[in-house]
>>> print(open('structure.cif').read())   # mmCIF, C-alpha atoms
data_target
loop_
_atom_site.group_PDB
_atom_site.id
_atom_site.type_symbol
_atom_site.label_atom_id
_atom_site.label_comp_id
_atom_site.auth_asym_id
_atom_site.auth_seq_id
_atom_site.Cartn_x
_atom_site.Cartn_y
_atom_site.Cartn_z
ATOM 1 C CA VAL Q 1 -4.730 7.965 -23.548
ATOM 2 C CA LEU Q 2 -2.293 5.804 -25.532
ATOM 3 C CA SER Q 3 -3.496 2.662 -23.757
ATOM 4 C CA TYR Q 4 -7.122 3.627 -24.432
ATOM 5 C CA ALA Q 5 -6.388 4.147 -28.141
ATOM 6 C CA ARG Q 6 -4.438 0.890 -28.340
ATOM 7 C CA ASP Q 7 -7.260 -1.040 -26.672
ATOM 8 C CA LEU Q 8 -9.884 0.327 -29.051
ATOM 9 C CA LYS Q 9 -7.665 -0.296 -32.052
ATOM 10 C CA GLY Q 10 -7.311 -3.947 -31.062
ATOM 11 C CA PHE Q 11 -11.044 -4.276 -30.467
ATOM 12 C CA SER Q 12 -11.882 -2.614 -33.799
ATOM 13 C CA ARG Q 13 -9.532 -4.955 -35.641
ATOM 14 C CA PHE Q 14 -11.176 -7.958 -33.986
ATOM 15 C CA MET Q 15 -14.670 -6.733 -34.912
ATOM 16 C CA ILE Q 16 -13.645 -6.168 -38.544
ATOM 17 C CA GLU Q 17 -12.146 -9.652 -38.719
ATOM 18 C CA SER Q 18 -15.422 -10.966 -37.278
ATOM 19 C CA GLY Q 19 -17.424 -9.185 -39.979
ATOM 20 C CA VAL Q 20 -18.972 -6.575 -37.679
ATOM 21 C CA LEU Q 21 -18.374 -3.170 -39.254
ATOM 22 C CA ASP Q 22 -21.154 -1.099 -37.670
ATOM 23 C CA PRO Q 23 -20.687 -0.108 -33.989
ATOM 24 C CA ALA Q 24 -24.474 -0.219 -33.567
ATOM 25 C CA LYS Q 25 -24.411 -3.939 -34.366
ATOM 26 C CA VAL Q 26 -21.827 -4.833 -31.718
ATOM 27 C CA ASN Q 27 -23.471 -6.900 -28.985
ATOM 28 C CA ARG Q 28 -22.453 -8.385 -25.662
ATOM 29 C CA THR Q 29 -21.482 -11.682 -27.273
ATOM 30 C CA ASN Q 30 -19.024 -9.877 -29.558
ATOM 31 C CA VAL Q 31 -17.370 -8.159 -26.608
ATOM 32 C CA MET Q 32 -17.202 -11.398 -24.638
ATOM 33 C CA ALA Q 33 -15.597 -13.110 -27.637
ATOM 34 C CA TYR Q 34 -12.921 -10.414 -27.711
ATOM 35 C CA VAL Q 35 -12.293 -10.795 -23.988
ATOM 36 C CA TYR Q 36 -11.953 -14.542 -24.464
ATOM 37 C CA GLU Q 37 -9.468 -13.922 -27.275
ATOM 38 C CA LEU Q 38 -7.368 -11.724 -24.972
ATOM 39 C CA GLN Q 39 -7.393 -14.437 -22.341
ATOM 40 C CA LYS Q 40 -6.340 -17.026 -24.927
ATOM 41 C CA GLN Q 41 -3.361 -14.782 -25.657
ATOM 42 C CA ASN Q 42 -2.473 -15.024 -21.957
ATOM 43 C CA LYS Q 43 -2.977 -11.315 -21.421
ATOM 44 C CA ALA Q 44 -2.689 -10.256 -17.792
ATOM 45 C CA GLY Q 45 -5.898 -9.799 -15.843
ATOM 46 C CA ALA Q 46 -5.160 -6.098 -15.447
ATOM 47 C CA THR Q 47 -4.791 -5.764 -19.236
ATOM 48 C CA VAL Q 48 -8.096 -7.533 -19.864
ATOM 49 C CA SER Q 49 -9.831 -5.348 -17.270
ATOM 50 C CA ARG Q 50 -8.416 -2.209 -18.868
ATOM 51 C CA ASN Q 51 -9.664 -3.324 -22.297
ATOM 52 C CA ILE Q 52 -13.153 -3.888 -20.909
ATOM 53 C CA ALA Q 53 -13.088 -0.439 -19.308
ATOM 54 C CA SER Q 54 -11.911 1.144 -22.575
ATOM 55 C CA ILE Q 55 -14.660 -0.546 -24.609
ATOM 56 C CA ARG Q 56 -17.270 0.386 -22.023
ATOM 57 C CA SER Q 57 -16.174 4.033 -22.015
ATOM 58 C CA PHE Q 58 -16.137 4.140 -25.812
ATOM 59 C CA PHE Q 59 -19.706 2.890 -26.075
ATOM 60 C CA GLN Q 60 -20.814 5.294 -23.337
ATOM 61 C CA PHE Q 61 -19.480 8.054 -25.565
ATOM 62 C CA LEU Q 62 -21.332 6.620 -28.590
ATOM 63 C CA GLN Q 63 -24.527 6.445 -26.537
ATOM 64 C CA LYS Q 64 -24.260 10.119 -25.630
ATOM 65 C CA LYS Q 65 -23.749 10.941 -29.308
ATOM 66 C CA GLY Q 66 -26.780 8.874 -30.280
ATOM 67 C CA VAL Q 67 -24.744 6.467 -32.419
ATOM 68 C CA VAL Q 68 -25.766 3.368 -30.447
ATOM 69 C CA ALA Q 69 -28.771 2.625 -28.267
ATOM 70 C CA ASP Q 70 -27.133 0.204 -25.828
ATOM 71 C CA ASN Q 71 -23.714 -0.347 -24.309
ATOM 72 C CA PRO Q 72 -22.711 -3.980 -24.980
ATOM 73 C CA ALA Q 73 -20.030 -3.847 -22.282
ATOM 74 C CA ALA Q 74 -22.209 -2.225 -19.636
ATOM 75 C CA ASP Q 75 -22.717 -5.273 -17.411
ATOM 76 C CA LEU Q 76 -19.583 -7.184 -18.335
ATOM 77 C CA GLU Q 77 -17.691 -8.352 -15.255
ATOM 78 C CA TYR Q 78 -14.023 -7.679 -14.808
ATOM 79 C CA PRO Q 79 -11.821 -10.744 -14.385
ATOM 80 C CA LYS Q 80 -10.575 -11.388 -10.882
ATOM 81 C CA LEU Q 81 -7.077 -10.037 -10.588
ATOM 82 C CA ARG Q 82 -4.464 -12.299 -9.098
ATOM 83 C CA LYS Q 83 -2.689 -10.545 -6.276
ATOM 84 C CA SER Q 84 1.020 -11.010 -6.787
ATOM 85 C CA LEU Q 85 3.299 -11.022 -3.778
ATOM 86 C CA PRO Q 86 5.102 -7.716 -3.313
ATOM 87 C CA LYS Q 87 8.881 -7.609 -3.506
ATOM 88 C CA TYR Q 88 10.698 -7.269 -0.216
ATOM 89 C CA LEU Q 89 14.196 -6.358 0.800
ATOM 90 C CA THR Q 90 16.044 -9.004 2.749
ATOM 91 C CA LEU Q 91 18.102 -7.915 5.709
ATOM 92 C CA ASP Q 92 21.314 -8.241 3.698
ATOM 93 C CA GLN Q 93 19.816 -6.166 0.896
ATOM 94 C CA SER Q 94 18.748 -3.506 3.390
ATOM 95 C CA ALA Q 95 22.311 -3.286 4.679
ATOM 96 C CA ALA Q 96 23.718 -3.125 1.130
ATOM 97 C CA LEU Q 97 21.273 -0.366 0.242
ATOM 98 C CA LEU Q 98 22.319 1.765 3.200
ATOM 99 C CA LYS Q 99 26.007 1.230 2.455
ATOM 100 C CA ALA Q 100 25.433 2.430 -1.119
ATOM 101 C CA VAL Q 101 24.383 5.911 -0.019
ATOM 102 C CA SER Q 102 26.966 8.530 -0.889
ATOM 103 C CA GLY Q 103 27.364 11.955 -2.451
ATOM 104 C CA GLN Q 104 26.636 15.540 -1.527
ATOM 105 C CA ASN Q 105 23.338 14.676 0.191
ATOM 106 C CA GLN Q 106 24.592 11.549 1.907
ATOM 107 C CA GLU Q 107 23.256 12.377 5.384
ATOM 108 C CA ARG Q 108 19.835 13.355 4.042
ATOM 109 C CA ASP Q 109 19.506 10.330 1.760
ATOM 110 C CA TYR Q 110 20.680 7.952 4.477
ATOM 111 C CA ALA Q 111 18.099 9.348 6.900
ATOM 112 C CA ILE Q 112 15.379 8.995 4.267
ATOM 113 C CA LEU Q 113 16.234 5.351 3.622
ATOM 114 C CA MET Q 114 16.428 4.622 7.337
ATOM 115 C CA LEU Q 115 12.965 6.092 7.838
ATOM 116 C CA PHE Q 116 11.588 3.938 5.018
ATOM 117 C CA LEU Q 117 13.171 0.811 6.444
ATOM 118 C CA SER Q 118 12.440 1.652 10.056
ATOM 119 C CA CYS Q 119 8.943 3.056 9.918
ATOM 120 C CA GLY Q 120 7.332 1.577 6.823
ATOM 121 C CA ILE Q 121 5.886 4.913 5.754
ATOM 122 C CA ARG Q 122 4.764 5.798 2.247
ATOM 123 C CA ARG Q 123 6.731 8.113 -0.010
ATOM 124 C CA SER Q 124 4.067 10.819 0.212
ATOM 125 C CA GLU Q 125 4.091 10.544 4.003
ATOM 126 C CA LEU Q 126 7.868 10.951 4.134
ATOM 127 C CA VAL Q 127 7.736 14.012 1.880
ATOM 128 C CA GLY Q 128 5.128 15.546 4.176
ATOM 129 C CA LEU Q 129 7.209 15.180 7.345
ATOM 130 C CA ASN Q 130 8.003 18.394 9.209
ATOM 131 C CA LEU Q 131 10.750 19.110 11.723
ATOM 132 C CA SER Q 132 8.097 19.242 14.424
ATOM 133 C CA ASP Q 133 7.035 15.672 13.588
ATOM 134 C CA ILE Q 134 10.288 14.196 14.909
ATOM 135 C CA TYR Q 135 10.281 12.987 18.510
ATOM 136 C CA GLU Q 136 12.887 11.130 20.525
ATOM 137 C CA ASP Q 137 11.811 7.638 19.468
ATOM 138 C CA ARG Q 138 8.937 8.155 17.018
ATOM 139 C CA ILE Q 139 7.560 10.300 14.223
ATOM 140 C CA ARG Q 140 4.134 11.779 13.685
ATOM 141 C CA VAL Q 141 2.821 10.811 10.272
ATOM 142 C CA VAL Q 142 -0.154 12.255 8.396
ATOM 143 C CA GLY Q 143 -1.454 9.525 6.109
ATOM 144 C CA LYS Q 144 -4.404 8.936 3.821
ATOM 145 C CA GLY Q 145 -7.559 10.771 4.735
ATOM 146 C CA ASN Q 146 -5.460 13.238 6.750
ATOM 147 C CA LYS Q 147 -5.276 10.689 9.564
ATOM 148 C CA GLU Q 148 -2.464 11.095 12.054
ATOM 149 C CA ARG Q 149 -0.494 8.288 13.673
ATOM 150 C CA PHE Q 150 2.743 7.812 15.573
ATOM 151 C CA VAL Q 151 5.355 5.351 14.319
ATOM 152 C CA TYR Q 152 8.280 4.279 16.489
ATOM 153 C CA PHE Q 153 11.841 3.852 15.262
ATOM 154 C CA GLY Q 154 15.019 2.330 16.698
ATOM 155 C CA THR Q 155 18.376 3.705 17.738
ATOM 156 C CA ALA Q 156 19.925 3.271 14.277
ATOM 157 C CA CYS Q 157 17.257 5.468 12.723
ATOM 158 C CA ARG Q 158 17.624 8.004 15.528
ATOM 159 C CA LYS Q 159 21.356 8.281 14.823
ATOM 160 C CA ALA Q 160 20.687 8.788 11.111
ATOM 161 C CA ILE Q 161 18.239 11.600 11.837
ATOM 162 C CA ASP Q 162 20.623 13.202 14.341
ATOM 163 C CA ALA Q 163 23.413 13.149 11.743
ATOM 164 C CA TYR Q 164 21.173 14.945 9.247
ATOM 165 C CA LEU Q 165 19.521 17.562 11.489
ATOM 166 C CA PRO Q 166 22.576 19.885 11.848
ATOM 167 C CA ILE Q 167 22.750 20.058 8.036
ATOM 168 C CA ARG Q 168 19.020 20.696 7.770
ATOM 169 C CA LYS Q 169 19.142 23.522 10.308
ATOM 170 C CA LYS Q 170 21.593 25.393 8.075
ATOM 171 C CA MET Q 171 19.143 25.250 5.175
ATOM 172 C CA VAL Q 172 16.516 27.880 4.428
ATOM 173 C CA LEU Q 173 13.576 26.413 2.509
ATOM 174 C CA SER Q 174 10.519 27.964 0.906
ATOM 175 C CA ASP Q 175 8.565 25.869 3.409
ATOM 176 C CA ASN Q 176 10.903 25.956 6.370
ATOM 177 C CA ARG Q 177 8.761 23.479 8.314
ATOM 178 C CA ALA Q 178 9.859 20.649 6.016
ATOM 179 C CA LEU Q 179 12.147 17.975 7.418
ATOM 180 C CA PHE Q 180 13.731 17.181 4.060
ATOM 181 C CA GLY Q 181 14.737 19.836 1.574
ATOM 182 C CA SER Q 182 15.887 19.799 -2.032
ATOM 183 C CA ARG Q 183 18.753 21.508 -3.820
ATOM 184 C CA ASN Q 184 16.364 24.209 -5.081
ATOM 185 C CA SER Q 185 15.456 25.101 -1.474
ATOM 186 C CA ASN Q 186 11.984 23.559 -1.593
ATOM 187 C CA ARG Q 187 10.427 20.680 0.291
ATOM 188 C CA ILE Q 188 11.744 17.495 -1.288
ATOM 189 C CA SER Q 189 9.379 16.035 -3.893
ATOM 190 C CA THR Q 190 8.153 12.464 -4.304
ATOM 191 C CA ASP Q 191 9.970 12.292 -7.640
ATOM 192 C CA ALA Q 192 13.245 13.301 -5.991
ATOM 193 C CA VAL Q 193 12.780 10.636 -3.327
ATOM 194 C CA HIS Q 194 12.081 8.061 -6.022
ATOM 195 C CA ALA Q 195 15.249 9.091 -7.847
ATOM 196 C CA LEU Q 196 17.524 8.889 -4.805
ATOM 197 C CA VAL Q 197 16.135 5.489 -3.821
ATOM 198 C CA LYS Q 198 16.617 4.197 -7.361
ATOM 199 C CA LYS Q 199 20.179 5.541 -7.389
ATOM 200 C CA ALA Q 200 20.980 3.681 -4.176
ATOM 201 C CA PHE Q 201 19.368 0.497 -5.505
ATOM 202 C CA LEU Q 202 21.449 0.547 -8.657
ATOM 203 C CA LYS Q 203 24.653 1.319 -6.797
ATOM 204 C CA ALA Q 204 23.962 -1.535 -4.381
ATOM 205 C CA GLY Q 205 23.452 -3.884 -7.334
ATOM 206 C CA LEU Q 206 19.870 -4.653 -6.389
ATOM 207 C CA ASP Q 207 16.903 -5.308 -8.663
ATOM 208 C CA LYS Q 208 16.030 -2.242 -10.747
ATOM 209 C CA LYS Q 209 12.371 -2.844 -9.929
ATOM 210 C CA GLN Q 210 12.244 -1.315 -6.496
ATOM 211 C CA PRO Q 211 10.605 -3.354 -3.747
ATOM 212 C CA ASP Q 212 8.239 -1.463 -1.496
ATOM 213 C CA LEU Q 213 10.626 -0.434 1.260
ATOM 214 C CA GLY Q 214 7.872 0.112 3.768
ATOM 215 C CA LEU Q 215 5.265 -2.464 2.840
ATOM 216 C CA ALA Q 216 6.942 -5.330 4.649
ATOM 217 C CA LEU Q 217 7.126 -3.431 7.905
ATOM 218 C CA ARG Q 218 3.578 -2.101 7.595
ATOM 219 C CA GLN Q 219 2.313 -5.665 7.245
ATOM 220 C CA VAL Q 220 4.358 -6.808 10.218
ATOM 221 C CA ASN Q 221 2.944 -3.973 12.291
ATOM 222 C CA GLU Q 222 -0.606 -4.863 11.247
ATOM 223 C CA LYS Q 223 -0.141 -8.582 11.937
ATOM 224 C CA PHE Q 224 1.386 -7.990 15.355
ATOM 225 C CA ALA Q 225 -0.854 -5.111 16.393
ATOM 226 C CA ASP Q 226 -3.076 -7.311 18.548
ATOM 227 C CA LEU Q 227 -0.080 -8.835 20.360
ATOM 228 C CA ASN Q 228 0.861 -5.564 22.058
ATOM 229 C CA LEU Q 229 4.514 -6.041 21.143
ATOM 230 C CA ASP Q 230 6.950 -3.223 21.718
ATOM 231 C CA GLU Q 231 7.351 -1.707 18.252
ATOM 232 C CA ARG Q 232 10.739 -0.289 19.153
ATOM 233 C CA SER Q 233 12.134 -3.817 19.487
ATOM 234 C CA TYR Q 234 11.660 -4.683 15.839
ATOM 235 C CA ILE Q 235 11.595 -1.413 14.020
ATOM 236 C CA THR Q 236 14.981 -1.272 12.248
ATOM 237 C CA ALA Q 237 14.243 -3.419 9.186
ATOM 238 C CA ALA Q 238 11.888 -6.184 8.125
ATOM 239 C CA ALA Q 239 11.445 -8.861 5.500
ATOM 240 C CA VAL Q 240 8.493 -11.146 5.034
ATOM 241 C CA ARG Q 241 8.536 -14.348 3.066
ATOM 242 C CA VAL Q 242 6.724 -17.644 2.746
ATOM 243 C CA ASP Q 243 8.524 -20.463 4.503
ATOM 244 C CA LYS Q 244 7.681 -23.422 2.252
ATOM 245 C CA ARG Q 245 8.835 -25.930 4.821
ATOM 246 C CA VAL Q 246 5.950 -25.125 7.113
ATOM 247 C CA GLY Q 247 3.658 -23.419 4.614
ATOM 248 C CA THR Q 248 3.245 -20.323 6.691
ATOM 249 C CA LEU Q 249 4.419 -16.747 6.698
ATOM 250 C CA ARG Q 250 7.691 -16.162 8.440
ATOM 251 C CA TYR Q 251 8.339 -12.698 9.783
ATOM 252 C CA VAL Q 252 12.035 -11.953 9.912
ATOM 253 C CA ILE Q 253 12.561 -8.886 12.018
ATOM 254 C CA ALA Q 254 15.768 -7.047 12.807
ATOM 255 C CA GLY Q 255 16.259 -4.289 15.272
ATOM 256 C CA HIS Q 256 17.335 -3.498 18.777
ATOM 257 C CA ASN Q 257 17.069 -6.762 20.749
ATOM 258 C CA ALA Q 258 14.739 -8.111 18.056
ATOM 259 C CA PRO Q 259 13.845 -11.794 17.945
ATOM 260 C CA ILE Q 260 13.118 -13.713 14.768
ATOM 261 C CA LEU Q 261 9.565 -14.970 14.939
ATOM 262 C CA LEU Q 262 7.581 -17.635 13.122
ATOM 263 C CA LYS Q 263 3.799 -17.511 12.865
ATOM 264 C CA THR Q 264 1.997 -20.854 12.780
ATOM 265 C CA GLU Q 265 -1.542 -21.972 13.546
ATOM 266 C CA GLU Q 266 -0.455 -22.462 17.148
ATOM 267 C CA GLY Q 267 0.620 -18.851 17.448
ATOM 268 C CA ILE Q 268 3.797 -16.760 17.321
ATOM 269 C CA HIS Q 269 7.020 -18.568 18.211
ATOM 270 C CA GLU Q 270 10.541 -17.237 18.681
ATOM 271 C CA ILE Q 271 12.931 -19.023 16.342
ATOM 272 C CA GLU Q 272 16.149 -17.370 17.413
ATOM 273 C CA SER Q 273 17.389 -14.218 19.041
ATOM 274 C CA PRO Q 274 20.045 -11.880 17.720
ATOM 275 C CA ALA Q 275 23.564 -12.204 19.050
#
>>> encode(input="structure.cif", output="structure tokens")
Amino acid sequence: VLSYARDLKGFSRFMIESGVLDPAKVNRTNVMAYVYELQKQNKAGATVSRNIASIRSFFQFLQKKGVVADNPAADLEYPKLRKSLPKYLTLDQSAALLKAVSGQNQERDYAILMLFLSCGIRRSELVGLNLSDIYEDRIRVVGKGNKERFVYFGTACRKAIDAYLPIRKKMVLSDNRALFGSRNSNRISTDAVHALVKKAFLKAGLDKKQPDLGLALRQVNEKFADLNLDERSYITAAAVRVDKRVGTLRYVIAGHNAPILLKTEEGIHEIESPA
């Protein structure tokens, strides 16, 4: 609501400065001039798109009220948004993050971070995990659209889960199916997960803007899906970056007997193997 009000305030000021005081006299050219002014101010594409949406919604409202006959922003195109590269954790950062876990819920928080790093699942998917979703070397995840899938994990993640399960079995939750519980005896919430991850990030001295812990691994899984690789061999942690020397994506993968691979136009090549 605040953004909507701020957008309309800026647009109204621009129209007044342009000598257009009656909303019914605002035309498409006026709106395009305002968009151009935002772009001249180097506003982000998302900000420009939001302003267009705000203006369009405002004139839709005026149309319904009979104040204006036409919507001058009705067919205005949104600017193409530049897709920025997501932040990733390096392998060293992943290790530092895990070492930073401490406190009363150390076993639980460590297992949560290991699942993020190992399985690349979303926060909502982690919160929805039940005890019955844990198998020997994989978890059953219910994702978007209520679609189920199995995701494998390595021995390090298995040990983290095993260290937490005896503590969990002593807990009685309002939803006792839940894998992870909170201090108020409920299923852990997405906000609580966000808070514990942020706490670990700050303690580890990492960037306050949290990278997507699972995105890197999800992309690796998607890229390698057609290669029929054994997921368990590279499931512990992952980082993806652009290798400028060859101009291609380099997939750095760590796990049980995991090689480091480089993708080029000629295919996937092993760069080095772990000691």
>>> residues_around(input="structure.cif", residues="Val197 in chain Q", least_positions_apart="6", cutoff="10 Å", atoms="only C-alpha atoms", output="PyMOL selection string")
chain Q and resi 97+101+109-110+112-113+191+203+210+213
>>> closest_residue(input="structure.cif", among="Q:Tyr152, Q:Tyr164, Q:Tyr34, Q:Tyr135", to="Ile55 in chain Q", atoms="all atoms listed in the file")
Q:Tyr34
>>> atom_distance(input="structure.cif", atom1="CA of Lys144 in chain Q", atom2="CA of Glu107 in chain Q")
27.9 Å
>>> axis_aligned_box(input="structure.cif", around="range 45-57 of chain Q", padding_each_side="3 Å", output="JSON")
{"center_x": -11.0, "center_y": -2.9, "center_z": -20.0, "size_x": 18.5, "size_y": 19.8, "size_z": 15.2}
>>> atom_distance(input="structure.cif", atom1="CA of Ser12 in chain Q", atom2="CA of Ser49 in chain Q")
16.9 Å
>>> resolve_selection(input="structure.cif", expression="the PyMOL selection byres ((chain Q and resi 184) around 12)", output="PyMOL selection string")
chain Q and resi 171-175+180-183+185-189+192
>>> closest_residue(input="structure.cif", among="Q:Tyr78, Q:Thr190, Q:Gly10, Q:Leu98", to="Leu117 in chain Q", atoms="only C-alpha atoms")
Q:Leu98
